[in-house]
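Data from model12.pdb: PDB, C-alpha atoms and all ligand atoms
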MODEL        1
ATOM      1  CA  MET A   1     -22.382  -9.135 -48.082
ATOM      2  CA  ASP A   2     -23.853  -5.718 -48.568
ATOM      3  CA  ILE A   3     -22.887  -4.143 -51.885
ATOM      4  CA  SER A   4     -23.663  -0.770 -53.319
ATOM      5  CA  ARG A   5     -25.984  -0.437 -56.276
ATOM      6  CA  ARG A   6     -23.621   0.471 -59.058
ATOM      7  CA  SER A   7     -20.536  -1.343 -57.832
ATOM      8  CA  PHE A   8     -22.267  -4.663 -58.373
ATOM      9  CA  VAL A   9     -22.877  -4.421 -62.098
ATOM     10  CA  GLY A  10     -19.722  -2.376 -62.511
ATOM     11  CA  SER A  11     -17.525  -5.082 -61.026
ATOM     12  CA  LEU A  12     -19.295  -7.734 -63.049
ATOM     13  CA  PHE A  13     -18.550  -5.986 -66.295
ATOM     14  CA  ALA A  14     -15.039  -4.960 -65.434
ATOM     15  CA  ALA A  15     -14.215  -8.634 -65.026
ATOM     16  CA  ALA A  16     -16.029  -9.822 -68.119
ATOM     17  CA  ALA A  17     -14.485  -7.221 -70.477
ATOM     18  CA  LEU A  18     -17.516  -7.597 -72.685
ATOM     19  CA  PRO A  19     -17.211  -6.972 -76.395
ATOM     20  CA  SER A  20     -19.815  -4.674 -77.883
ATOM     21  CA  VAL A  21     -23.028  -6.203 -79.125
ATOM     22  CA  ALA A  22     -22.291  -4.804 -82.583
ATOM     23  CA  GLN A  23     -19.573  -7.431 -82.984
ATOM     24  CA  ASP A  24     -22.154 -10.207 -82.891
ATOM     25  CA  GLU A  25     -23.462 -12.058 -85.911
ATOM     26  CA  PRO A  26     -25.884  -9.509 -87.403
ATOM     27  CA  SER A  27     -28.206 -11.854 -89.268
ATOM     28  CA  LEU A  28     -30.694 -12.209 -86.392
ATOM     29  CA  PHE A  29     -33.063  -9.237 -86.710
ATOM     30  CA  PRO A  30     -30.384  -7.207 -88.557
ATOM     31  CA  SER A  31     -32.441  -4.029 -88.814
ATOM     32  CA  ARG A  32     -33.615  -3.926 -85.240
ATOM     33  CA  GLY A  33     -32.192  -1.745 -82.498
ATOM     34  CA  ARG A  34     -29.384  -2.711 -80.201
ATOM     35  CA  TYR A  35     -31.446  -4.563 -77.606
ATOM     36  CA  GLU A  36     -34.569  -5.368 -79.599
ATOM     37  CA  ARG A  37     -33.820  -9.063 -79.926
ATOM     38  CA  LEU A  38     -34.159  -9.394 -76.162
ATOM     39  CA  ALA A  39     -37.584 -10.643 -75.070
ATOM     40  CA  LEU A  40     -38.041  -9.121 -71.627
ATOM     41  CA  ALA A  41     -40.952  -9.343 -69.202
ATOM     42  CA  TYR A  42     -41.486  -6.731 -66.506
ATOM     43  CA  GLN A  43     -42.426  -7.525 -62.906
ATOM     44  CA  HIS A  44     -42.846  -5.500 -59.730
ATOM     45  CA  ILE A  45     -42.316  -6.540 -56.122
ATOM     46  CA  HIS A  46     -43.498  -4.000 -53.565
ATOM     47  CA  ILE A  47     -41.813  -4.222 -50.183
ATOM     48  CA  GLY A  48     -41.910  -0.606 -48.959
ATOM     49  CA  LEU A  49     -38.234   0.189 -49.521
ATOM     50  CA  GLU A  50     -36.545   3.506 -48.812
ATOM     51  CA  LYS A  51     -34.296   3.012 -51.866
ATOM     52  CA  PRO A  52     -36.022   1.328 -54.816
ATOM     53  CA  PHE A  53     -33.877  -0.641 -57.266
ATOM     54  CA  SER A  54     -34.262  -3.100 -60.114
ATOM     55  CA  VAL A  55     -32.660  -6.336 -61.279
ATOM     56  CA  LEU A  56     -32.446  -8.301 -64.497
ATOM     57  CA  HIS A  57     -33.390 -11.901 -63.822
ATOM     58  CA  ILE A  58     -32.126 -14.413 -66.390
ATOM     59  CA  SER A  59     -31.834 -18.180 -66.308
ATOM     60  CA  ASP A  60     -31.105 -21.213 -68.468
ATOM     61  CA  THR A  61     -28.493 -19.888 -70.882
ATOM     62  CA  HIS A  62     -27.341 -23.467 -71.645
ATOM     63  CA  LEU A  63     -23.867 -22.724 -73.000
ATOM     64  CA  THR A  64     -22.601 -25.577 -75.216
ATOM     65  CA  ALA A  65     -18.885 -24.898 -75.735
ATOM     66  CA  ALA A  66     -16.090 -27.460 -76.071
ATOM     67  CA  TYR A  67     -12.432 -27.007 -76.951
ATOM     68  CA  PRO A  68     -11.112 -29.058 -79.901
ATOM     69  CA  ASP A  69      -8.940 -31.122 -77.556
ATOM     70  CA  GLU A  70     -11.827 -32.124 -75.266
ATOM     71  CA  ASN A  71     -13.088 -35.699 -75.588
ATOM     72  CA  ALA A  72     -15.470 -37.165 -78.171
ATOM     73  CA  LYS A  73     -18.505 -36.876 -75.898
ATOM     74  CA  LYS A  74     -17.927 -33.126 -75.538
ATOM     75  CA  GLN A  75     -17.572 -32.761 -79.315
ATOM     76  CA  GLU A  76     -20.803 -34.659 -79.939
ATOM     77  CA  LEU A  77     -22.662 -32.611 -77.327
ATOM     78  CA  HIS A  78     -21.272 -29.375 -78.723
ATOM     79  CA  ALA A  79     -22.615 -30.258 -82.181
ATOM     80  CA  LYS A  80     -26.015 -31.600 -81.122
ATOM     81  CA  ARG A  81     -26.866 -29.351 -78.196
ATOM     82  CA  SER A  82     -25.794 -26.178 -80.005
ATOM     83  CA  LEU A  83     -28.510 -27.030 -82.522
ATOM     84  CA  THR A  84     -30.971 -27.689 -79.684
ATOM     85  CA  PHE A  85     -30.402 -24.281 -78.135
ATOM     86  CA  GLY A  86     -29.886 -22.327 -81.357
ATOM     87  CA  GLY A  87     -26.154 -21.699 -81.114
ATOM     88  CA  ARG A  88     -26.618 -18.085 -80.028
ATOM     89  CA  GLN A  89     -26.543 -18.644 -76.280
ATOM     90  CA  GLU A  90     -23.351 -16.687 -75.683
ATOM     91  CA  GLU A  91     -24.728 -13.768 -77.700
ATOM     92  CA  ALA A  92     -27.927 -13.896 -75.678
ATOM     93  CA  LEU A  93     -25.982 -13.819 -72.429
ATOM     94  CA  ARG A  94     -23.785 -10.988 -73.675
ATOM     95  CA  ASP A  95     -26.793  -8.967 -74.855
ATOM     96  CA  SER A  96     -28.546  -9.547 -71.541
ATOM     97  CA  LEU A  97     -25.574  -8.476 -69.436
ATOM     98  CA  ALA A  98     -24.943  -5.434 -71.641
ATOM     99  CA  TRP A  99     -28.611  -4.445 -71.305
ATOM    100  CA  ALA A 100     -28.368  -4.935 -67.544
ATOM    101  CA  LYS A 101     -25.397  -2.606 -67.371
ATOM    102  CA  ASP A 102     -27.465   0.171 -68.961
ATOM    103  CA  HIS A 103     -30.816  -0.455 -67.279
ATOM    104  CA  VAL A 104     -30.676  -2.159 -63.865
ATOM    105  CA  ASP A 105     -28.676  -2.284 -60.648
ATOM    106  CA  TYR A 106     -28.146  -6.036 -60.251
ATOM    107  CA  VAL A 107     -28.245  -9.304 -62.192
ATOM    108  CA  VAL A 108     -29.809 -12.525 -60.935
ATOM    109  CA  HIS A 109     -29.044 -15.806 -62.754
ATOM    110  CA  THR A 110     -30.929 -18.868 -61.555
ATOM    111  CA  GLY A 111     -28.942 -21.698 -63.070
ATOM    112  CA  ASP A 112     -28.254 -23.847 -66.137
ATOM    113  CA  LEU A 113     -25.764 -21.246 -67.298
ATOM    114  CA  ILE A 114     -24.001 -24.233 -68.901
ATOM    115  CA  ASP A 115     -25.637 -27.267 -70.521
ATOM    116  CA  TRP A 116     -22.984 -29.770 -69.374
ATOM    117  CA  GLN A 117     -19.526 -29.759 -67.909
ATOM    118  CA  SER A 118     -16.564 -28.862 -70.131
ATOM    119  CA  ARG A 119     -13.413 -26.801 -69.797
ATOM    120  CA  ALA A 120     -14.689 -24.434 -72.461
ATOM    121  CA  ASN A 121     -18.000 -23.924 -70.652
ATOM    122  CA  TYR A 122     -16.214 -23.374 -67.341
ATOM    123  CA  ASP A 123     -14.000 -20.752 -68.984
ATOM    124  CA  LEU A 124     -17.114 -18.944 -70.235
ATOM    125  CA  VAL A 125     -18.545 -19.019 -66.714
ATOM    126  CA  LYS A 126     -15.374 -17.407 -65.391
ATOM    127  CA  LYS A 127     -15.346 -14.892 -68.243
ATOM    128  CA  TYR A 128     -18.904 -13.686 -67.773
ATOM    129  CA  LEU A 129     -19.376 -14.032 -64.024
ATOM    130  CA  GLY A 130     -15.950 -12.696 -63.173
ATOM    131  CA  PRO A 131     -13.606 -13.692 -60.372
ATOM    132  CA  GLN A 132     -15.204 -11.658 -57.576
ATOM    133  CA  ALA A 133     -16.838 -14.216 -55.327
ATOM    134  CA  GLY A 134     -20.250 -13.094 -54.168
ATOM    135  CA  SER A 135     -20.677 -10.199 -56.612
ATOM    136  CA  LEU A 136     -23.555 -11.911 -58.407
ATOM    137  CA  VAL A 137     -26.914 -13.148 -57.151
ATOM    138  CA  ALA A 138     -26.908 -16.628 -58.666
ATOM    139  CA  SER A 139     -27.673 -20.271 -58.135
ATOM    140  CA  LEU A 140     -26.738 -23.443 -59.978
ATOM    141  CA  GLY A 141     -29.106 -25.564 -62.091
ATOM    142  CA  ASN A 142     -29.388 -29.287 -62.668
ATOM    143  CA  HIS A 143     -27.293 -28.996 -65.852
ATOM    144  CA  GLU A 144     -24.312 -27.635 -63.903
ATOM    145  CA  PHE A 145     -24.062 -31.117 -62.353
ATOM    146  CA  SER A 146     -24.374 -32.949 -65.703
ATOM    147  CA  PRO A 147     -21.105 -34.536 -66.901
ATOM    148  CA  ASP A 148     -22.286 -35.357 -70.434
ATOM    149  CA  MET A 149     -26.090 -35.134 -70.661
ATOM    150  CA  TRP A 150     -27.537 -38.451 -71.916
ATOM    151  CA  LEU A 151     -24.042 -39.737 -72.779
ATOM    152  CA  SER A 152     -23.293 -40.005 -69.018
ATOM    153  CA  PRO A 153     -26.718 -39.710 -67.365
ATOM    154  CA  ALA A 154     -26.981 -37.951 -64.023
ATOM    155  CA  LYS A 155     -28.501 -39.758 -61.062
ATOM    156  CA  GLU A 156     -30.633 -37.020 -59.587
ATOM    157  CA  GLU A 157     -29.755 -37.389 -55.921
ATOM    158  CA  GLU A 158     -27.534 -35.581 -53.434
ATOM    159  CA  SER A 159     -24.706 -38.134 -53.604
ATOM    160  CA  PHE A 160     -24.399 -37.604 -57.356
ATOM    161  CA  LYS A 161     -23.711 -33.914 -56.803
ATOM    162  CA  ASP A 162     -20.674 -34.834 -54.692
ATOM    163  CA  ARG A 163     -18.795 -35.802 -57.878
ATOM    164  CA  SER A 164     -18.719 -32.185 -59.069
ATOM    165  CA  ARG A 165     -19.127 -29.954 -56.020
ATOM    166  CA  LYS A 166     -15.427 -29.135 -55.794
ATOM    167  CA  GLU A 167     -14.925 -28.168 -59.448
ATOM    168  CA  LEU A 168     -18.167 -26.172 -59.528
ATOM    169  CA  ALA A 169     -17.251 -24.354 -56.312
ATOM    170  CA  GLU A 170     -13.894 -23.474 -57.866
ATOM    171  CA  THR A 171     -15.498 -22.281 -61.117
ATOM    172  CA  TYR A 172     -18.565 -20.321 -60.015
ATOM    173  CA  PRO A 173     -17.877 -17.146 -58.012
ATOM    174  CA  PHE A 174     -20.485 -17.766 -55.324
ATOM    175  CA  ASP A 175     -21.431 -20.252 -52.620
ATOM    176  CA  ILE A 176     -23.122 -22.981 -54.679
ATOM    177  CA  GLN A 177     -25.192 -24.249 -51.750
ATOM    178  CA  LEU A 178     -26.615 -20.973 -50.430
ATOM    179  CA  GLN A 179     -25.611 -17.394 -51.108
ATOM    180  CA  SER A 180     -26.944 -14.343 -49.282
ATOM    181  CA  THR A 181     -26.631 -10.905 -50.901
ATOM    182  CA  VAL A 182     -28.187  -7.915 -49.141
ATOM    183  CA  VAL A 183     -29.313  -5.274 -51.635
ATOM    184  CA  ASN A 184     -30.714  -2.024 -50.201
ATOM    185  CA  GLY A 185     -31.985  -3.909 -47.188
ATOM    186  CA  VAL A 186     -33.408  -6.887 -49.143
ATOM    187  CA  ASN A 187     -31.812 -10.285 -48.558
ATOM    188  CA  PHE A 188     -31.477 -12.193 -51.843
ATOM    189  CA  VAL A 189     -31.024 -15.807 -50.805
ATOM    190  CA  ALA A 190     -29.948 -18.079 -53.669
ATOM    191  CA  ILE A 191     -30.234 -21.791 -52.899
ATOM    192  CA  ASP A 192     -29.503 -25.196 -54.437
ATOM    193  CA  ASP A 193     -32.725 -27.019 -55.346
ATOM    194  CA  VAL A 194     -31.459 -28.317 -58.688
ATOM    195  CA  TYR A 195     -33.170 -31.717 -58.433
ATOM    196  CA  ALA A 196     -36.467 -30.108 -57.306
ATOM    197  CA  THR A 197     -35.877 -30.928 -53.635
ATOM    198  CA  VAL A 198     -34.197 -28.799 -50.975
ATOM    199  CA  PRO A 199     -31.430 -30.515 -48.968
ATOM    200  CA  ALA A 200     -31.744 -30.348 -45.172
ATOM    201  CA  VAL A 201     -28.482 -28.427 -44.890
ATOM    202  CA  VAL A 202     -29.898 -25.722 -47.169
ATOM    203  CA  VAL A 203     -33.067 -25.499 -45.056
ATOM    204  CA  ALA A 204     -30.937 -25.046 -41.934
ATOM    205  CA  ARG A 205     -28.885 -22.313 -43.584
ATOM    206  CA  PHE A 206     -32.063 -20.598 -44.809
ATOM    207  CA  GLN A 207     -33.387 -20.507 -41.237
ATOM    208  CA  ALA A 208     -30.220 -18.652 -40.240
ATOM    209  CA  GLU A 209     -30.953 -16.099 -42.975
ATOM    210  CA  VAL A 210     -34.485 -15.579 -41.652
ATOM    211  CA  LYS A 211     -32.983 -14.652 -38.280
ATOM    212  CA  LYS A 212     -31.448 -11.563 -39.912
ATOM    213  CA  GLY A 213     -34.992 -10.176 -39.961
ATOM    214  CA  LEU A 214     -34.719  -8.687 -43.461
ATOM    215  CA  PRO A 215     -37.240  -9.104 -46.288
ATOM    216  CA  ILE A 216     -36.192 -12.109 -48.378
ATOM    217  CA  VAL A 217     -36.265 -12.807 -52.119
ATOM    218  CA  LEU A 218     -35.628 -16.499 -52.715
ATOM    219  CA  CYS A 219     -33.676 -17.285 -55.900
ATOM    220  CA  MET A 220     -33.380 -20.873 -57.146
ATOM    221  CA  HIS A 221     -33.436 -23.023 -60.257
ATOM    222  CA  VAL A 222     -36.503 -25.265 -60.007
ATOM    223  CA  PRO A 223     -39.742 -23.488 -59.055
ATOM    224  CA  PHE A 224     -41.842 -24.679 -56.150
ATOM    225  CA  HIS A 225     -44.734 -25.869 -58.244
ATOM    226  CA  THR A 226     -48.102 -24.261 -57.629
ATOM    227  CA  PRO A 227     -51.177 -25.278 -59.673
ATOM    228  CA  GLU A 228     -50.929 -22.799 -62.554
ATOM    229  CA  ILE A 229     -47.150 -22.996 -62.848
ATOM    230  CA  TRP A 230     -47.458 -26.786 -62.937
ATOM    231  CA  ARG A 231     -50.219 -26.576 -65.532
ATOM    232  CA  ALA A 232     -48.114 -24.254 -67.721
ATOM    233  CA  SER A 233     -45.098 -26.549 -67.399
ATOM    234  CA  CYS A 234     -47.153 -29.604 -68.405
ATOM    235  CA  THR A 235     -48.727 -27.748 -71.325
ATOM    236  CA  PHE A 236     -45.332 -26.694 -72.644
ATOM    237  CA  TRP A 237     -43.219 -29.775 -71.975
ATOM    238  CA  ARG A 238     -45.816 -32.479 -72.679
ATOM    239  CA  ASN A 239     -47.510 -30.673 -75.578
ATOM    240  CA  GLN A 240     -50.843 -30.931 -73.777
ATOM    241  CA  LYS A 241     -53.788 -28.941 -75.018
ATOM    242  CA  PHE A 242     -55.752 -27.189 -72.279
ATOM    243  CA  LYS A 243     -58.998 -29.104 -71.864
ATOM    244  CA  ASP A 244     -60.373 -28.680 -68.360
ATOM    245  CA  ALA A 245     -59.823 -26.955 -65.040
ATOM    246  CA  ALA A 246     -58.280 -29.974 -63.329
ATOM    247  CA  VAL A 247     -54.625 -29.487 -62.429
ATOM    248  CA  PRO A 248     -52.464 -32.192 -64.056
ATOM    249  CA  PRO A 249     -51.489 -34.951 -61.584
ATOM    250  CA  PRO A 250     -48.063 -34.688 -59.929
ATOM    251  CA  ALA A 251     -45.101 -36.102 -61.831
ATOM    252  CA  GLY A 252     -41.673 -34.843 -62.856
ATOM    253  CA  ASP A 253     -40.429 -32.142 -60.484
ATOM    254  CA  LEU A 254     -43.715 -31.787 -58.600
ATOM    255  CA  ALA A 255     -43.841 -35.361 -57.295
ATOM    256  CA  PRO A 256     -40.580 -35.174 -55.279
ATOM    257  CA  GLN A 257     -41.594 -31.762 -53.905
ATOM    258  CA  GLN A 258     -44.729 -33.384 -52.493
ATOM    259  CA  LYS A 259     -43.054 -36.601 -51.362
ATOM    260  CA  ASP A 260     -39.724 -35.517 -49.893
ATOM    261  CA  PRO A 261     -40.533 -34.625 -46.266
ATOM    262  CA  VAL A 262     -37.811 -31.987 -45.887
ATOM    263  CA  THR A 263     -38.889 -30.169 -49.054
ATOM    264  CA  ARG A 264     -42.613 -30.541 -48.329
ATOM    265  CA  ASP A 265     -42.193 -29.126 -44.829
ATOM    266  CA  PHE A 266     -39.956 -26.312 -46.080
ATOM    267  CA  ILE A 267     -42.501 -25.237 -48.693
ATOM    268  CA  ALA A 268     -45.297 -25.370 -46.104
ATOM    269  CA  TYR A 269     -43.224 -23.266 -43.722
ATOM    270  CA  LEU A 270     -42.352 -20.754 -46.462
ATOM    271  CA  LYS A 271     -46.011 -20.166 -47.265
ATOM    272  CA  GLY A 272     -46.405 -18.735 -43.771
ATOM    273  CA  GLU A 273     -43.107 -16.839 -43.626
ATOM    274  CA  LYS A 274     -44.001 -13.146 -43.766
ATOM    275  CA  LEU A 275     -40.412 -12.076 -44.558
ATOM    276  CA  LEU A 276     -40.629 -13.899 -47.911
ATOM    277  CA  LYS A 277     -41.423 -11.202 -50.519
ATOM    278  CA  GLY A 278     -40.854 -13.045 -53.786
ATOM    279  CA  ILE A 279     -39.362 -16.074 -55.525
ATOM    280  CA  LEU A 280     -37.295 -15.957 -58.736
ATOM    281  CA  ALA A 281     -36.844 -19.281 -60.551
ATOM    282  CA  GLY A 282     -36.129 -20.764 -63.980
ATOM    283  CA  HIS A 283     -35.696 -24.310 -65.342
ATOM    284  CA  LEU A 284     -39.004 -24.393 -67.257
ATOM    285  CA  HIS A 285     -37.858 -22.182 -70.181
ATOM    286  CA  ILE A 286     -41.193 -20.362 -70.050
ATOM    287  CA  THR A 287     -42.204 -17.117 -68.359
ATOM    288  CA  VAL A 288     -45.026 -17.738 -65.881
ATOM    289  CA  GLN A 289     -45.958 -16.422 -62.473
ATOM    290  CA  GLU A 290     -48.361 -17.274 -59.676
ATOM    291  CA  ARG A 291     -48.986 -16.211 -56.102
ATOM    292  CA  PHE A 292     -47.025 -18.500 -53.783
ATOM    293  CA  SER A 293     -48.046 -17.185 -50.376
ATOM    294  CA  PRO A 294     -49.886 -14.203 -48.846
ATOM    295  CA  THR A 295     -46.658 -12.159 -49.072
ATOM    296  CA  ALA A 296     -44.905 -13.575 -52.159
ATOM    297  CA  VAL A 297     -45.440 -14.195 -55.873
ATOM    298  CA  GLN A 298     -43.202 -16.698 -57.668
ATOM    299  CA  TYR A 299     -41.807 -15.474 -60.998
ATOM    300  CA  VAL A 300     -40.412 -18.060 -63.416
ATOM    301  CA  VAL A 301     -38.369 -16.629 -66.315
ATOM    302  CA  GLY A 302     -38.051 -18.090 -69.825
ATOM    303  CA  GLY A 303     -34.819 -19.437 -71.291
ATOM    304  CA  ASN A 304     -31.986 -16.967 -71.738
ATOM    305  CA  PHE A 305     -30.874 -19.050 -74.764
ATOM    306  CA  LEU A 306     -34.051 -17.664 -76.392
ATOM    307  CA  HIS A 307     -32.955 -14.153 -75.383
ATOM    308  CA  HIS A 308     -35.518 -14.096 -72.579
ATOM    309  CA  GLY A 309     -35.217 -12.316 -69.263
ATOM    310  CA  GLN A 310     -37.299 -10.276 -66.861
ATOM    311  CA  GLN A 311     -36.722  -6.950 -65.194
ATOM    312  CA  VAL A 312     -37.969  -6.900 -61.633
ATOM    313  CA  PHE A 313     -38.623  -3.537 -59.963
ATOM    314  CA  PHE A 314     -38.325  -3.457 -56.181
ATOM    315  CA  THR A 315     -40.064  -0.596 -54.394
TER     316      THR A 315
HETATM  317 FE    FE B   1     -32.910 -26.884 -65.540
ENDMDL
END

Structure encoded using structure tokens:
Amino acid sequence: MDISRRSFVGSLFAAAALPSVAQDEPSLFPSRGRYERLALAYQHIHIGLEKPFSVLHISDTHLTAAYPDENAKKQELHAKRSLTFGGRQEEALRDSLAWAKDHVDYVVHTGDLIDWQSRANYDLVKKYLGPQAGSLVASLGNHEFSPDMWLSPAKEEESFKDRSRKELAETYPFDIQLQSTVVNGVNFVAIDDVYATVPAVVVARFQAEVKKGLPIVLCMHVPFHTPEIWRASCTFWRNQKFKDAAVPPPAGDLAPQQKDPVTRDFIAYLKGEKLLKGILAGHLHITVQERFSPTAVQYVVGGNFLHHGQQVFFT
């Protein structure tokens, strides 16, 4: 769909009926200004647009809500995972969306809005994303498909997703496989790559988007690992001290991206696709960027649960 600049954020907030930030628990940086607990990075993608605009890109909010009548697994996860993520995730999301309303034209969320599936988390999704299907540039993350984290481990393959596709499609106000949103002549294409690989059906739908002939910004949860993004991920997640110039060997999310033929071929194709102007991703909980192709830089944003986000200017 093609949506006007202000109607996007306006419709988002009308639906969410956001309370003011001042109502939040004041003990975190109590003397700082309204938005000064947000940790924002600033990026710029130059396309040559007639009408410049900007977005707030956030990711990995990891909401951990459960109603008292939800089962024991949900109660245990609520207690433990709220500690893991600091317990201020909803505040962080609310602050971010309120800041977006005042400062940018659109919001992009690249997945893991929830930490695991619960009625309470789903209700928060509906509250903050609103009922208007397609009014948000967003993708799912691997945690959207998680029934109960380690208490009911996910099998990270396409067939496992089938268990939750219907309920997620009914809860999230966008096409969870691929969503196209044209903003001032730029096609934001949000795709499902939650287990690091790109399903063939998503590749086919992406090719149809390319045929529109518009500049494309690819939005997705797991980054397509390039050497420095992979190095940063390994340093952070494996507590590795930087010792030499060698790129850490493939493992984790990088290995399937190199092994899966559909994903490998798609990444190789993308590197030569001149319409690709940028990639916005999350999942790593760190802010890092690296050139992906001659026409596109990939920007990974840190965890929204830590009040992180990035403003991206499009000119
Ligand atoms: Fe993730």

Pull the closest atom pair for each residue of chain A that gets at most 8 Å from ligand FE 1 (chain B), along with the distance in Å to one decimal, counting all atoms listed in the file, ordering rows by chain and then ascending residue number, as CSV.
residue,atom,partner,partner_atom,distance
A:Asp60,CA,B:FE1,FE,6.6
A:Gly111,CA,B:FE1,FE,7.0
A:Asp112,CA,B:FE1,FE,5.6
A:Gly141,CA,B:FE1,FE,5.3
A:Asn142,CA,B:FE1,FE,5.1
A:His143,CA,B:FE1,FE,6.0
A:Val194,CA,B:FE1,FE,7.1
A:His221,CA,B:FE1,FE,6.6
A:Val222,CA,B:FE1,FE,6.8
A:Gly282,CA,B:FE1,FE,7.1
A:His283,CA,B:FE1,FE,3.8
A:Leu284,CA,B:FE1,FE,6.8

Write out as a ChimeraX atom specification the residues lying within 12 Å of A:Phe224, counting all atoms listed in the file and excluding same-chain residues fewer than 4 positions away. /A:193-198,218-220,228-230,233,253-258,263-264,266-268,270-271,278-284,289-293,297-300

Can you pull out every residue within 9 Å of stretch 175-186 of chain A, counting only C-alpha atoms, but drop anything in the same chain fewer than 2 positions away, and send it as an NGL selection string? :A and (1-5 or 47 or 49-53 or 106 or 133-140 or 165 or 168-169 or 172-173 or 188-193 or 201-202 or 205-206 or 209 or 214-217)

One-decimal distance in Å that lies between atom CA of A:Asp265 and atom CA of A:Phe236: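 Distance between the two atoms: 28.1 Å.
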
How many Å lie between atom CA of A:Lys101 and atom CA of A:Leu56, rounded to one decimal? 9.5 Å

Mind giving me the axis-aligned box for stretch 156-170 of chain A with 8 Å on every side, centre plus edges in Å to one decimal, as JSON?
{"center_x": -22.3, "center_y": -30.8, "center_z": -56.5, "size_x": 32.7, "size_y": 30.7, "size_z": 22.2}
